[in-house]
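The block underneath contains the structure these notes are about, expressed in structure tokens.
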Amino acid sequence: MQIDTLSEFLAQAGTEFRLYDLGRRLQPLSNDDFAAIEANHRPYPWPLQHHAWLAVCYWQTQGQTQPYVWFLKLPLDERGLFNNGAVKHFLAALVEQLGQDVSAELSDEQQQRLAQTPFTFQPSPDKLAAFHARLGLSLGLPPSTFFNSVCDYLHNPQQQDWQQLGLQGIADLSARLHQDTPLSQLLTTQLLTLPPPVQDALLNQCEHQPLPEPLKLHLLHAISGELEHQMPNQERIAQLLRATAGSSQCAERQQKIATLLALNPSQPVMLSLAARLWQDLTEETLLITYLEQLAELHGELFNGLFAELVSIPALRPLILGNLHNNALSPRLKSALGGLFTGTS
């Protein structure tokens, strides 16, 4: 029997599996959606640099609970569909190293050979920690040994040495905020009073996890406070905004984005919106305003960010539908024209 997809391979090997996207931020991908993507019935929803960046976690259904993980970087075509030739190439390399037993122990040499294919990647430490935290939680596994020390620190930050905190513990805490009300209330109270390195680590992890509503609104309110300064810290504003990215869309965040776009938005804010908060740009008014400001203030970023945004299936029809909108500003029309003439 010929096996052409990862789903078929993993099913035939008697495994259960879960998938996560690790491109723009950590997001779960359902097995049914992945099967439709593999069959080219729909484009990949979160492309980054024309690739799907996947974490594939699998385990044997009989007699074994140890999960295994592959980190796969699979190319997409101009429509966002899987390059099936690349998938078959990876499967061929996989079978060569593993045979049909996906739980077989790989030697160091075999692992190196598999890693040398163009279809594997190593996630950044932040994303790797967020992934392990979310995966462990979903599988009902206990948090890392670093988790309790992070909780203890939040209860008594003045009596603990923050430099002893582990990144995985911070990720484990962030992954549990949406289901642990006392923990999320404690973090909401303490977060913005902690030393900057601890705040940075926590905010970076929050980007990849769903947050409870009070914490999300607390972070959005902190942006308002930063804007009141004579010289607002633009990196800080972008960081606070990104920290809410793993949470669902809400009117408060869209209003905050509209405010930021009306205030000569900085490069960090524009990059954060494209990289983490593209889902809010599905609101057409925000999308057009974003493109207008990108062309007006950050022309050097226009071509690259436009190419990334138009590759996202949720944004592509909105963008293409406005290419000939007569209400666009002359600067945006010029920038769009430059995409097709090779000038800017």
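Following the order of the structure tokens, chains are lettered A, B, ..., residues in each are numbered from 1, and ligands are numbered from 1.
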
Per DSSP on the backbone, what are the alpha helix (DSSP H) residues of stretch 43-269 of chain A, as an NGL selection string?
:A and (84-98 or 108-115 or 125-138 or 147-155 or 167-176 or 181-190 or 196-206 or 213-227 or 234-242 or 251-261 or 267-269)

Those in stretch 12-106 of chain A with strand (DSSP E or B) from DSSP, as an NGL selection string:
:A and (15-21 or 27-29 or 48 or 51-60 or 68-76 or 82)

Writer output for current selection, N, CA and C atoms, as a JSON list (two decimals), in the first residue's frame:
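In the end it all went to again.json:
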```json
[["chain", "number", "residue", "atom", "x", "y", "z"],
["A", 15, "THR", "N", -0.22, 4.67, 15.60],
["A", 15, "THR", "CA", -0.01, 5.74, 16.57],
["A", 15, "THR", "C", -1.21, 6.66, 16.66],
["A", 16, "GLU", "N", -1.28, 7.37, 17.76],
["A", 16, "GLU", "CA", -2.12, 8.55, 17.87],
["A", 16, "GLU", "C", -1.20, 9.76, 17.76],
["A", 17, "PHE", "N", -1.72, 10.87, 17.26],
["A", 17, "PHE", "CA", -0.84, 12.03, 17.09],
["A", 17, "PHE", "C", -1.61, 13.33, 17.26],
["A", 18, "ARG", "N", -0.85, 14.36, 17.60],
["A", 18, "ARG", "CA", -1.37, 15.72, 17.69],
["A", 18, "ARG", "C", -0.41, 16.65, 16.97],
["A", 19, "LEU", "N", -0.97, 17.74, 16.46],
["A", 19, "LEU", "CA", -0.18, 18.66, 15.66],
["A", 19, "LEU", "C", -0.31, 20.08, 16.19],
["A", 20, "TYR", "N", 0.79, 20.80, 16.07],
["A", 20, "TYR", "CA", 0.81, 22.21, 16.46],
["A", 20, "TYR", "C", 1.58, 22.99, 15.40],
["A", 21, "ASP", "N", 1.10, 24.18, 15.14],
["A", 21, "ASP", "CA", 1.85, 25.09, 14.27],
["A", 21, "ASP", "C", 2.80, 25.90, 15.14],
["A", 27, "GLN", "N", 0.10, 27.26, 17.88],
["A", 27, "GLN", "CA", -1.33, 27.06, 17.70],
["A", 27, "GLN", "C", -1.61, 25.59, 17.44],
["A", 28, "PRO", "N", -2.63, 25.02, 18.07],
["A", 28, "PRO", "CA", -2.98, 23.64, 17.77],
["A", 28, "PRO", "C", -3.64, 23.53, 16.40],
["A", 29, "LEU", "N", -3.40, 22.43, 15.73],
["A", 29, "LEU", "CA", -3.99, 22.15, 14.41],
["A", 29, "LEU", "C", -4.69, 20.80, 14.52],
["A", 48, "LEU", "N", 4.31, 30.81, 6.97],
["A", 48, "LEU", "CA", 5.37, 31.75, 7.31],
["A", 48, "LEU", "C", 6.52, 31.50, 6.35],
["A", 51, "HIS", "N", 6.22, 28.43, 4.13],
["A", 51, "HIS", "CA", 6.38, 27.10, 4.71],
["A", 51, "HIS", "C", 5.35, 26.90, 5.83],
["A", 52, "ALA", "N", 5.06, 25.64, 6.09],
["A", 52, "ALA", "CA", 4.33, 25.23, 7.29],
["A", 52, "ALA", "C", 5.35, 24.74, 8.29],
["A", 53, "TRP", "N", 5.30, 25.30, 9.49],
["A", 53, "TRP", "CA", 6.26, 24.95, 10.55],
["A", 53, "TRP", "C", 5.51, 24.13, 11.59],
["A", 54, "LEU", "N", 5.67, 22.82, 11.54],
["A", 54, "LEU", "CA", 4.83, 21.91, 12.30],
["A", 54, "LEU", "C", 5.58, 21.17, 13.39],
["A", 55, "ALA", "N", 4.92, 21.00, 14.53],
["A", 55, "ALA", "CA", 5.36, 20.05, 15.54],
["A", 55, "ALA", "C", 4.40, 18.88, 15.47],
["A", 56, "VAL", "N", 4.92, 17.70, 15.21],
["A", 56, "VAL", "CA", 4.12, 16.48, 15.11],
["A", 56, "VAL", "C", 4.47, 15.60, 16.31],
["A", 57, "CYS", "N", 3.51, 15.43, 17.21],
["A", 57, "CYS", "CA", 3.73, 14.60, 18.39],
["A", 57, "CYS", "C", 2.93, 13.32, 18.23],
["A", 58, "TYR", "N", 3.55, 12.16, 18.45],
["A", 58, "TYR", "CA", 2.85, 10.89, 18.27],
["A", 58, "TYR", "C", 3.30, 9.89, 19.33],
["A", 59, "TRP", "N", 2.46, 8.91, 19.56],
["A", 59, "TRP", "CA", 2.77, 7.86, 20.52],
["A", 59, "TRP", "C", 2.01, 6.60, 20.12],
["A", 60, "GLN", "N", 2.54, 5.46, 20.51],
["A", 60, "GLN", "CA", 1.90, 4.19, 20.19],
["A", 60, "GLN", "C", 0.60, 4.03, 20.98],
["A", 68, "TYR", "N", 6.75, 11.00, 21.00],
["A", 68, "TYR", "CA", 7.87, 11.40, 20.15],
["A", 68, "TYR", "C", 7.46, 12.65, 19.39],
["A", 69, "VAL", "N", 8.43, 13.46, 19.01],
["A", 69, "VAL", "CA", 8.11, 14.73, 18.33],
["A", 69, "VAL", "C", 9.02, 14.92, 17.13],
["A", 70, "TRP", "N", 8.42, 15.32, 16.03],
["A", 70, "TRP", "CA", 9.18, 15.81, 14.87],
["A", 70, "TRP", "C", 8.85, 17.29, 14.70],
["A", 71, "PHE", "N", 9.84, 18.07, 14.33],
["A", 71, "PHE", "CA", 9.62, 19.47, 13.96],
["A", 71, "PHE", "C", 9.87, 19.58, 12.46],
["A", 72, "LEU", "N", 8.81, 19.81, 11.71],
["A", 72, "LEU", "CA", 8.87, 19.75, 10.26],
["A", 72, "LEU", "C", 8.61, 21.11, 9.63],
["A", 73, "LYS", "N", 9.42, 21.45, 8.65],
["A", 73, "LYS", "CA", 9.29, 22.68, 7.88],
["A", 73, "LYS", "C", 8.98, 22.26, 6.44],
["A", 74, "LEU", "N", 7.69, 22.36, 6.07],
["A", 74, "LEU", "CA", 7.24, 21.84, 4.78],
["A", 74, "LEU", "C", 6.90, 22.99, 3.84],
["A", 75, "PRO", "N", 7.43, 22.97, 2.62],
["A", 75, "PRO", "CA", 7.19, 24.07, 1.69],
["A", 75, "PRO", "C", 5.75, 24.09, 1.18],
["A", 76, "LEU", "N", 5.27, 25.30, 0.91],
["A", 76, "LEU", "CA", 3.94, 25.52, 0.37],
["A", 76, "LEU", "C", 4.06, 26.17, -1.00],
["A", 82, "PHE", "N", 0.09, 22.34, 0.27],
["A", 82, "PHE", "CA", 1.26, 21.51, 0.52],
["A", 82, "PHE", "C", 1.96, 21.12, -0.78]]
```

A:Leu128, A:Leu94, A:Leu305, A:Leu261 ranked by distance to A:Gly23, top pick (using only C-alpha atoms)
A:Leu128

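Among the candidates A:Ser311, A:Ser272, A:Asn40, A:Gln254, the residue lying nearest to A:Arg242 is A:Ser272 (atoms considered: only C-alpha atoms).
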
Residue among A:Glu38, A:Thr289, A:Pro212, A:Gln249 lying closest to A:Glu8, counting only C-alpha atoms:
A:Glu38

What's the 8 Å shell around A:Leu318, counting only C-alpha atoms, without same-chain residues fewer than 4 positions away, as an mmCIF file with N, CA and C atoms, in the first residue's frame?
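What follows is the written file selection_20.cif:
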```
data_model
loop_
_atom_site.group_PDB
_atom_site.id
_atom_site.type_symbol
_atom_site.label_atom_id
_atom_site.label_comp_id
_atom_site.auth_asym_id
_atom_site.auth_seq_id
_atom_site.Cartn_x
_atom_site.Cartn_y
_atom_site.Cartn_z
ATOM 1 N N THR A 282 -8.157 40.912 9.934
ATOM 2 C CA THR A 282 -9.289 40.459 9.115
ATOM 3 C C THR A 282 -10.440 41.453 9.194
ATOM 4 N N GLU A 284 -11.645 44.659 8.041
ATOM 5 C CA GLU A 284 -11.177 45.313 6.820
ATOM 6 C C GLU A 284 -10.692 46.741 7.041
ATOM 7 N N ALA A 314 -6.752 33.800 5.433
ATOM 8 C CA ALA A 314 -7.799 34.641 6.013
ATOM 9 C C ALA A 314 -7.708 36.086 5.539
ATOM 10 N N ASN A 322 -8.991 44.639 -2.511
ATOM 11 C CA ASN A 322 -8.790 46.087 -2.365
ATOM 12 C C ASN A 322 -7.644 46.632 -3.217
#
```

All residues 10 Å or closer to A:Ala175, only C-alpha atoms, same chain fewer than 3 positions away omitted, as an NGL selection string:
:A and (130-138 or 143 or 169-172 or 178-180 or 205-206 or 208-211)

When you look at stretch 221-224 of chain A with a cut-off of 8 Å (counting only C-alpha atoms), what residues show up, excluding the ones that are within fewer than 3 positions of it in the same chain? I need them as a VMD selection string.
chain A and resid 217 to 218 227 to 228 237 240 to 241

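As for atom CA of A:Gly246 and atom CA of A:Phe121, they are spaced 22.5 Å apart.
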
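Using only C-alpha atoms, the nearest neighbour of A:Ala275 within the list A:Arg176, A:Gly299, A:Ala35, A:Pro47 is A:Pro47.
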
Close residues, A:Asn84 itself excluded, 12 Å, only C-alpha atoms, min 4 positions apart in chain, as a compact mmCIF listing (two decimals) with C-alpha atoms, in the first residue's frame:
```txt
# COMPACT_ATOMS: atom_id res chain seq x y z
CA ILE A 3 1.51 5.97 1.71
CA ASP A 4 1.55 9.58 0.53
CA THR A 5 0.73 11.61 3.64
CA LEU A 6 1.99 11.96 7.19
CA ILE A 37 -4.70 20.28 4.11
CA GLU A 38 -2.76 17.16 3.15
CA ALA A 39 -5.42 16.35 0.54
CA ASN A 40 -5.04 19.92 -0.81
CA LEU A 74 7.24 21.84 4.78
CA PRO A 75 7.19 24.07 1.69
CA LEU A 76 3.94 25.52 0.37
CA ASP A 77 3.11 26.58 -3.18
CA GLY A 80 -0.60 27.93 0.27
CA LYS A 88 6.87 12.24 -0.06
CA HIS A 89 10.59 13.05 0.04
CA PHE A 90 10.47 13.39 3.81
CA LEU A 91 8.45 10.18 4.21
```

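Candidate residues A:Ser124, A:Thr188, A:Gln168, A:Gln160 were compared for distance to A:Ser144, and the nearest is A:Gln168, using only C-alpha atoms.
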
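With only C-alpha atoms as the atoms that count, the residue of A:Pro125, A:Pro142, A:Pro182, A:Pro195 with the shortest distance to A:Gly166 is A:Pro125.
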